>>> print(open('structure-v2.txt').read())   # compact mmCIF, C-alpha atoms and all ligand atoms
# COMPACT_ATOMS: atom_id res chain seq x y z
CA MET A 23 -9.76 -10.87 0.75
CA VAL A 24 -13.48 -11.66 1.03
CA GLN A 25 -13.32 -10.95 4.77
CA LEU A 26 -11.67 -7.60 4.09
CA GLU A 27 -14.24 -6.62 1.47
CA LEU A 28 -17.10 -7.43 3.84
CA VAL A 29 -15.60 -5.41 6.68
CA LEU A 30 -14.92 -2.44 4.38
CA ALA A 31 -18.49 -2.48 3.10
CA GLU A 32 -19.71 -2.44 6.70
CA VAL A 33 -17.52 0.47 7.78
CA GLN A 34 -18.40 2.44 4.65
CA ALA A 35 -22.10 2.08 5.48
CA SER A 36 -21.48 3.14 9.08
CA SER A 37 -19.45 6.12 7.89
CA GLU A 38 -22.34 7.37 5.78
CA LEU A 39 -24.65 7.14 8.80
CA MET A 40 -22.15 9.01 10.96
CA ASP A 41 -21.90 11.91 8.51
CA GLY A 42 -25.39 12.96 9.48
CA ASP A 43 -25.03 12.38 13.21
CA MET A 44 -21.64 13.76 14.11
CA SER A 45 -21.33 16.91 16.14
CA THR A 46 -17.77 16.46 17.45
CA THR A 47 -15.05 18.20 15.48
CA PHE A 48 -11.51 16.97 15.06
CA GLY A 49 -8.43 18.70 13.74
CA ALA A 50 -6.99 17.25 10.56
CA GLY A 51 -5.55 13.85 11.36
CA PHE A 52 -6.47 13.88 15.02
CA HIS A 53 -8.62 11.11 16.38
CA ALA A 54 -9.25 12.39 19.84
CA THR A 55 -10.95 15.52 21.09
CA PRO A 56 -8.20 17.74 22.59
CA GLY A 57 -7.72 16.99 26.27
CA LYS A 58 -9.63 13.72 26.17
CA ALA A 59 -8.20 10.22 26.43
CA VAL A 60 -8.47 7.78 23.54
CA ASP A 61 -10.76 4.83 24.18
CA ALA A 62 -8.45 2.20 22.72
CA SER A 63 -11.03 -0.58 22.89
CA ALA A 64 -13.55 1.51 20.94
CA TYR A 65 -10.88 2.45 18.40
CA ASP A 66 -9.96 -1.20 18.12
CA ARG A 67 -13.53 -2.30 17.52
CA TRP A 68 -14.05 0.39 14.90
CA THR A 69 -10.74 0.68 13.09
CA GLY A 70 -8.20 -1.73 14.52
CA ARG A 71 -10.12 -4.86 13.60
CA TRP A 72 -9.98 -4.09 9.88
CA SER A 73 -6.83 -1.97 9.84
CA ARG A 74 -4.84 -4.94 11.08
CA LEU A 75 -5.92 -7.07 8.12
CA PHE A 76 -3.57 -5.00 5.93
CA ILE A 77 -0.62 -5.02 8.30
CA PRO A 78 1.00 -8.39 7.43
CA ALA A 79 1.27 -7.23 3.81
CA VAL A 80 2.72 -3.89 4.88
CA LEU A 81 5.34 -5.52 7.12
CA ALA A 82 6.21 -8.02 4.39
CA ALA A 83 6.60 -5.19 1.85
CA ALA A 84 9.00 -3.47 4.25
CA ALA A 85 10.86 -6.80 4.66
CA VAL A 86 10.81 -6.42 8.46
CA GLY A 87 13.06 -9.05 10.03
CA PRO A 88 15.09 -10.02 13.10
CA LYS A 89 17.11 -7.28 14.84
CA TYR A 90 15.51 -4.56 12.72
CA ARG A 91 15.04 -0.99 13.87
CA VAL A 92 11.54 -0.29 12.60
CA LEU A 93 9.78 3.07 12.53
CA ASP A 94 5.97 2.87 12.58
CA VAL A 95 4.78 6.34 11.57
CA SER A 96 1.25 7.24 12.71
CA THR A 97 1.34 4.28 15.04
CA GLY A 98 -2.00 5.19 16.63
CA THR A 99 -2.87 2.57 19.23
CA GLY A 100 0.11 0.52 17.97
CA GLU A 101 -1.51 -1.98 15.63
CA ALA A 102 1.41 -2.28 13.19
CA ALA A 103 3.98 -2.03 15.97
CA ARG A 104 2.32 -4.92 17.80
CA MET A 105 2.71 -7.18 14.77
CA ALA A 106 6.25 -5.95 14.01
CA LEU A 107 7.58 -6.72 17.50
CA PRO A 108 7.69 -10.52 17.17
CA LEU A 109 9.35 -10.14 13.76
CA VAL A 110 12.22 -7.98 15.05
CA GLY A 111 12.68 -10.13 18.17
CA THR A 112 14.33 -9.16 21.42
CA GLU A 113 17.34 -7.58 19.67
CA GLY A 114 15.23 -5.32 17.50
CA VAL A 115 13.23 -2.23 18.33
CA VAL A 116 10.00 -0.68 17.07
CA VAL A 117 9.60 3.07 17.38
CA GLY A 118 6.01 4.26 17.14
CA ALA A 119 5.69 7.90 16.10
CA ASP A 120 2.39 9.77 16.19
CA ILE A 121 1.31 13.39 16.30
CA SER A 122 -1.34 12.63 18.91
CA PRO A 123 -0.10 12.17 22.50
CA ALA A 124 -3.43 10.56 23.41
CA MET A 125 -2.97 7.85 20.79
CA LEU A 126 0.60 7.28 21.97
CA THR A 127 -0.52 6.92 25.58
CA SER A 128 -2.89 4.21 24.46
CA ALA A 129 -0.17 2.46 22.42
CA ARG A 130 2.29 2.59 25.31
CA ALA A 131 -0.26 1.06 27.68
CA GLY A 132 -1.00 -1.77 25.27
CA LEU A 133 2.63 -2.54 24.45
CA HIS A 134 4.12 -2.00 27.89
CA GLY A 135 7.14 -4.19 28.61
CA SER A 136 8.09 -4.75 24.97
CA SER A 137 10.76 -3.20 22.73
CA PHE A 138 8.31 -0.49 21.71
CA LEU A 139 9.28 3.16 22.03
CA PRO A 140 6.54 5.77 21.58
CA VAL A 141 7.64 9.17 20.24
CA ALA A 142 5.42 12.22 19.74
CA ALA A 143 6.25 13.53 16.27
CA ASP A 144 4.80 14.93 13.08
CA GLY A 145 5.48 12.47 10.28
CA GLN A 146 6.40 15.42 8.06
CA ALA A 147 9.27 16.48 10.36
CA LEU A 148 10.66 13.37 12.03
CA PRO A 149 13.02 13.94 14.98
CA PHE A 150 15.47 11.22 13.89
CA ARG A 151 18.86 11.29 12.23
CA ASP A 152 19.34 10.27 8.62
CA ALA A 153 19.46 6.51 8.04
CA SER A 154 18.32 5.64 11.59
CA PHE A 155 15.99 2.79 10.61
CA ASP A 156 16.10 -0.49 8.70
CA ALA A 157 12.43 -0.22 7.74
CA VAL A 158 9.68 2.42 7.87
CA VAL A 159 5.97 1.59 7.78
CA CYS A 160 2.99 3.90 7.76
CA GLN A 161 -0.38 2.23 8.16
CA LEU A 162 -3.39 4.47 7.46
CA GLY A 163 -1.65 7.68 8.45
CA LEU A 164 -0.29 9.38 5.34
CA GLN A 165 -3.73 10.46 4.12
CA PHE A 166 -3.95 12.83 7.09
CA PHE A 167 -0.70 14.67 6.37
CA PRO A 168 -1.26 18.17 4.95
CA ASP A 169 1.83 17.53 2.79
CA PRO A 170 2.10 13.77 2.15
CA ALA A 171 5.05 14.21 -0.25
CA GLN A 172 7.03 15.83 2.57
CA GLY A 173 6.09 12.87 4.75
CA VAL A 174 7.44 10.42 2.18
CA ARG A 175 10.67 12.43 1.89
CA GLU A 176 11.06 12.19 5.65
CA PHE A 177 10.42 8.42 5.61
CA ARG A 178 13.20 8.10 3.01
CA ARG A 179 15.58 10.36 4.90
CA VAL A 180 15.46 8.33 8.13
CA LEU A 181 15.77 5.01 6.25
CA ARG A 182 19.14 3.35 5.74
CA ASN A 183 20.35 2.65 2.23
CA SER A 184 18.61 -0.41 0.75
CA GLY A 185 16.00 -0.33 3.53
CA ARG A 186 12.32 -0.36 2.60
CA VAL A 187 9.38 1.94 3.21
CA ALA A 188 5.85 0.46 3.06
CA ILE A 189 2.77 2.69 3.11
CA CYS A 190 -0.90 1.77 3.26
CA ALA A 191 -3.10 4.85 2.84
CA GLY A 192 -6.86 5.38 2.73
CA VAL A 193 -8.74 7.37 0.12
CA ASP A 194 -12.21 8.95 -0.14
CA GLY A 195 -14.31 8.31 3.01
CA LEU A 196 -11.50 6.39 4.64
CA SER A 197 -9.39 9.55 4.83
CA SER A 198 -11.87 11.46 6.99
CA PRO A 199 -10.64 12.14 10.55
CA ARG A 200 -14.27 12.09 11.67
CA PHE A 201 -14.63 8.57 10.37
CA TYR A 202 -11.77 7.35 12.54
CA GLY A 203 -12.20 9.78 15.37
CA ALA A 204 -15.70 9.34 16.69
CA PRO A 205 -15.29 6.02 18.49
CA ALA A 206 -11.81 6.88 19.75
CA SER A 207 -12.92 9.99 21.60
C1 LIG A 301 -6.34 5.77 11.25
S1 LIG A 301 -5.09 6.01 12.50
C2 LIG A 301 -4.05 4.64 12.12
C3 LIG A 301 -3.39 4.14 13.36
C4 LIG A 301 -2.68 2.80 13.20
N1 LIG A 301 -1.53 2.92 12.32
C5 LIG A 301 -3.65 1.74 12.74
O1 LIG A 301 -3.49 1.22 11.64
O2 LIG A 301 -4.58 1.42 13.49
C6 LIG A 301 -4.15 7.43 11.89
C7 LIG A 301 -3.11 7.96 12.85
O3 LIG A 301 -2.38 8.98 12.17
C8 LIG A 301 -1.98 9.94 13.14
N2 LIG A 301 -1.56 11.15 12.45
C9 LIG A 301 -2.33 12.05 11.80
N3 LIG A 301 -1.59 13.04 11.30
C10 LIG A 301 -0.30 12.76 11.60
C11 LIG A 301 0.96 13.41 11.35
N4 LIG A 301 1.04 14.56 10.66
N5 LIG A 301 2.08 12.82 11.80
C12 LIG A 301 2.02 11.65 12.50
N6 LIG A 301 0.88 11.00 12.77
C13 LIG A 301 -0.27 11.55 12.33
C14 LIG A 301 -3.21 10.08 14.01
O4 LIG A 301 -2.94 10.70 15.25
C15 LIG A 301 -3.64 8.62 14.13
O5 LIG A 301 -3.10 8.01 15.27
>>> encode(input="structure-v2.txt", output="structure tokens")
Amino acid sequence: MVQLELVLAEVQASSELMDGDMSTTFGAGFHATPGKAVDASAYDRWTGRWSRLFIPAVLAAAAVGPKYRVLDVSTGTGEAARMALPLVGTEGVVVGADISPAMLTSARAGLHGSSFLPVAADGQALPFRDASFDAVVCQLGLQFFPDPAQGVREFRRVLRNSGRVAICAGVDGLSSPRFYGAPAS
């Protein structure tokens, strides 16, 4: 917890500096300038290194286990998916959905050869049948949805009965696309 508080204080300070310096614009929830590739290593240094500190708690809250079909909404560069894969094992699958093809390209490259399936999708209109998944996680994505309640309804719809949804969402400065976007572009 102390480690997390220190990292958050550091990124908050950096975010305030960036507010004055940024000239790049991003659409709501997008972390890459249209047409440009995501620099996954920069994203990882900026966001991934502290984002992943929350993920064990998120996966535990969703009770992710062996053979599970897990949906990771707003998978980004695949941080939560990467940690879910060893939990589901070789008979499980982790689907990573994201609205940004550039982020998905980065996730696919990093998780190549595993049971990870990237899918381009808006979390508010998921292209999956009802009750398709044993668990749904959304790590630092819901705050970007124009209609987060619709997103949560979709998470519930694609979840099987008695499955679990776990969401970790940012507030205030941590919900700014510019905050996440600058190093990824
Ligand atoms: C801060 S990143 C989090 C990525 C990853 N889950 C992590 O923890 O590192 C937020 C992600 O949400 C995605 N996103 C934004 N709006 C979305 C939407 N409506 N549907 C799905 N994904 C969305 C962005 O493209 C981005 O990859």
>>> atom_distance(input="structure-v2.txt", atom1="atom CA of A:Leu75", atom2="atom CA of A:Ala188")
14.9 Å
>>> closest_atom_pairs(input="structure-v2.txt", of="chain A", to="ligand LIG 301 (chain A)", cutoff="7 Å", atoms="all atoms listed in the file", output="JSON lines")
{"residue": "A:Ala50", "atom": "CA", "partner": "A:LIG301", "partner_atom": "N3", "distance": 6.9}
{"residue": "A:Gly51", "atom": "CA", "partner": "A:LIG301", "partner_atom": "C9", "distance": 3.7}
{"residue": "A:Phe52", "atom": "CA", "partner": "A:LIG301", "partner_atom": "O4", "distance": 4.8}
{"residue": "A:His53", "atom": "CA", "partner": "A:LIG301", "partner_atom": "O4", "distance": 5.8}
{"residue": "A:Thr69", "atom": "CA", "partner": "A:LIG301", "partner_atom": "O2", "distance": 6.2}
{"residue": "A:Gly70", "atom": "CA", "partner": "A:LIG301", "partner_atom": "O2", "distance": 4.9}
{"residue": "A:Ser73", "atom": "CA", "partner": "A:LIG301", "partner_atom": "O1", "distance": 5.0}
{"residue": "A:Arg74", "atom": "CA", "partner": "A:LIG301", "partner_atom": "O1", "distance": 6.3}
{"residue": "A:Val95", "atom": "CA", "partner": "A:LIG301", "partner_atom": "C12", "distance": 6.1}
{"residue": "A:Ser96", "atom": "CA", "partner": "A:LIG301", "partner_atom": "N6", "distance": 3.8}
{"residue": "A:Thr97", "atom": "CA", "partner": "A:LIG301", "partner_atom": "N1", "distance": 4.2}
{"residue": "A:Gly98", "atom": "CA", "partner": "A:LIG301", "partner_atom": "O5", "distance": 3.3}
{"residue": "A:Thr99", "atom": "CA", "partner": "A:LIG301", "partner_atom": "C4", "distance": 6.0}
{"residue": "A:Gly100", "atom": "CA", "partner": "A:LIG301", "partner_atom": "C4", "distance": 6.0}
{"residue": "A:Glu101", "atom": "CA", "partner": "A:LIG301", "partner_atom": "O2", "distance": 5.1}
{"residue": "A:Ala102", "atom": "CA", "partner": "A:LIG301", "partner_atom": "N1", "distance": 6.0}
{"residue": "A:Ala119", "atom": "CA", "partner": "A:LIG301", "partner_atom": "C12", "distance": 6.4}
{"residue": "A:Asp120", "atom": "CA", "partner": "A:LIG301", "partner_atom": "N6", "distance": 3.9}
{"residue": "A:Ile121", "atom": "CA", "partner": "A:LIG301", "partner_atom": "C12", "distance": 4.2}
{"residue": "A:Ser122", "atom": "CA", "partner": "A:LIG301", "partner_atom": "O4", "distance": 4.4}
{"residue": "A:Met125", "atom": "CA", "partner": "A:LIG301", "partner_atom": "O5", "distance": 5.5}
{"residue": "A:Ala143", "atom": "CA", "partner": "A:LIG301", "partner_atom": "C12", "distance": 6.0}
{"residue": "A:Asp144", "atom": "CA", "partner": "A:LIG301", "partner_atom": "N5", "distance": 3.7}
{"residue": "A:Gly145", "atom": "CA", "partner": "A:LIG301", "partner_atom": "N5", "distance": 3.7}
{"residue": "A:Gln146", "atom": "CA", "partner": "A:LIG301", "partner_atom": "N4", "distance": 6.0}
{"residue": "A:Cys160", "atom": "CA", "partner": "A:LIG301", "partner_atom": "N1", "distance": 6.5}
{"residue": "A:Gln161", "atom": "CA", "partner": "A:LIG301", "partner_atom": "N1", "distance": 4.4}
{"residue": "A:Leu162", "atom": "CA", "partner": "A:LIG301", "partner_atom": "C2", "distance": 4.7}
{"residue": "A:Gly163", "atom": "CA", "partner": "A:LIG301", "partner_atom": "O3", "distance": 4.0}
{"residue": "A:Phe166", "atom": "CA", "partner": "A:LIG301", "partner_atom": "N3", "distance": 4.8}
{"residue": "A:Phe167", "atom": "CA", "partner": "A:LIG301", "partner_atom": "N4", "distance": 4.6}
{"residue": "A:Tyr202", "atom": "CA", "partner": "A:LIG301", "partner_atom": "C1", "distance": 5.8}
>>> closest_atom_pairs(input="structure-v2.txt", of="stretch 51-143 of chain A", to="stretch 175-187 of chain A", cutoff="12 Å", atoms="all atoms listed in the file", output="CSV")
residue,atom,partner,partner_atom,distance
A:Val80,CA,A:Val187,CA,9.0
A:Leu81,CA,A:Val187,CA,9.3
A:Ala82,CA,A:Arg186,CA,10.0
A:Ala83,CA,A:Arg186,CA,7.5
A:Ala84,CA,A:Arg186,CA,4.8
A:Ala85,CA,A:Arg186,CA,6.9
A:Val86,CA,A:Arg186,CA,8.6
A:Gly87,CA,A:Gly185,CA,11.3
A:Tyr90,CA,A:Gly185,CA,10.1
A:Arg91,CA,A:Leu181,CA,9.7
A:Val92,CA,A:Leu181,CA,9.3
A:Leu93,CA,A:Phe177,CA,8.8
A:Asp94,CA,A:Phe177,CA,10.0
A:Val95,CA,A:Phe177,CA,8.5
A:Ser96,CA,A:Phe177,CA,11.7
A:Ala119,CA,A:Phe177,CA,11.5
A:Ala143,CA,A:Glu176,CA,11.7
>>> closest_residue(input="structure-v2.txt", among="A:Asp66, A:Asp61, A:Glu113, A:Asp169", to="A:Phe138", atoms="only C-alpha atoms")
A:Glu113
>>> atom_distance(input="structure-v2.txt", atom1="atom CA of A:Val174", atom2="atom CA of A:Ala103")
18.9 Å
>>> atom_distance(input="structure-v2.txt", atom1="atom CA of A:Ser154", atom2="atom CA of A:Ala171")
19.7 Å
>>> decode(input="structure-v2.txt", residues="stretch 79-98 of chain A", atoms="C-alpha atoms", output="mmCIF file, in the first residue's frame")
data_model
loop_
_atom_site.group_PDB
_atom_site.id
_atom_site.type_symbol
_atom_site.label_atom_id
_atom_site.label_comp_id
_atom_site.auth_asym_id
_atom_site.auth_seq_id
_atom_site.Cartn_x
_atom_site.Cartn_y
_atom_site.Cartn_z
ATOM 1 C CA ALA A 79 -7.061 -7.480 -6.194
ATOM 2 C CA VAL A 80 -9.252 -7.067 -9.274
ATOM 3 C CA LEU A 81 -8.660 -10.653 -10.415
ATOM 4 C CA ALA A 82 -9.277 -11.941 -6.892
ATOM 5 C CA ALA A 83 -12.539 -9.959 -6.680
ATOM 6 C CA ALA A 84 -13.640 -11.564 -9.941
ATOM 7 C CA ALA A 85 -12.646 -14.984 -8.519
ATOM 8 C CA VAL A 86 -10.717 -15.815 -11.708
ATOM 9 C CA GLY A 87 -9.712 -19.474 -11.668
ATOM 10 C CA PRO A 88 -8.686 -22.476 -13.775
ATOM 11 C CA LYS A 89 -10.505 -23.035 -17.096
ATOM 12 C CA TYR A 90 -12.266 -19.676 -16.853
ATOM 13 C CA ARG A 91 -13.378 -17.658 -19.845
ATOM 14 C CA VAL A 92 -12.356 -14.163 -18.775
ATOM 15 C CA LEU A 93 -13.245 -10.904 -20.497
ATOM 16 C CA ASP A 94 -10.803 -8.055 -19.862
ATOM 17 C CA VAL A 95 -12.619 -4.909 -21.004
ATOM 18 C CA SER A 96 -10.363 -1.975 -21.932
ATOM 19 C CA THR A 97 -7.435 -4.352 -21.966
ATOM 20 C CA GLY A 98 -5.049 -1.684 -23.283
#
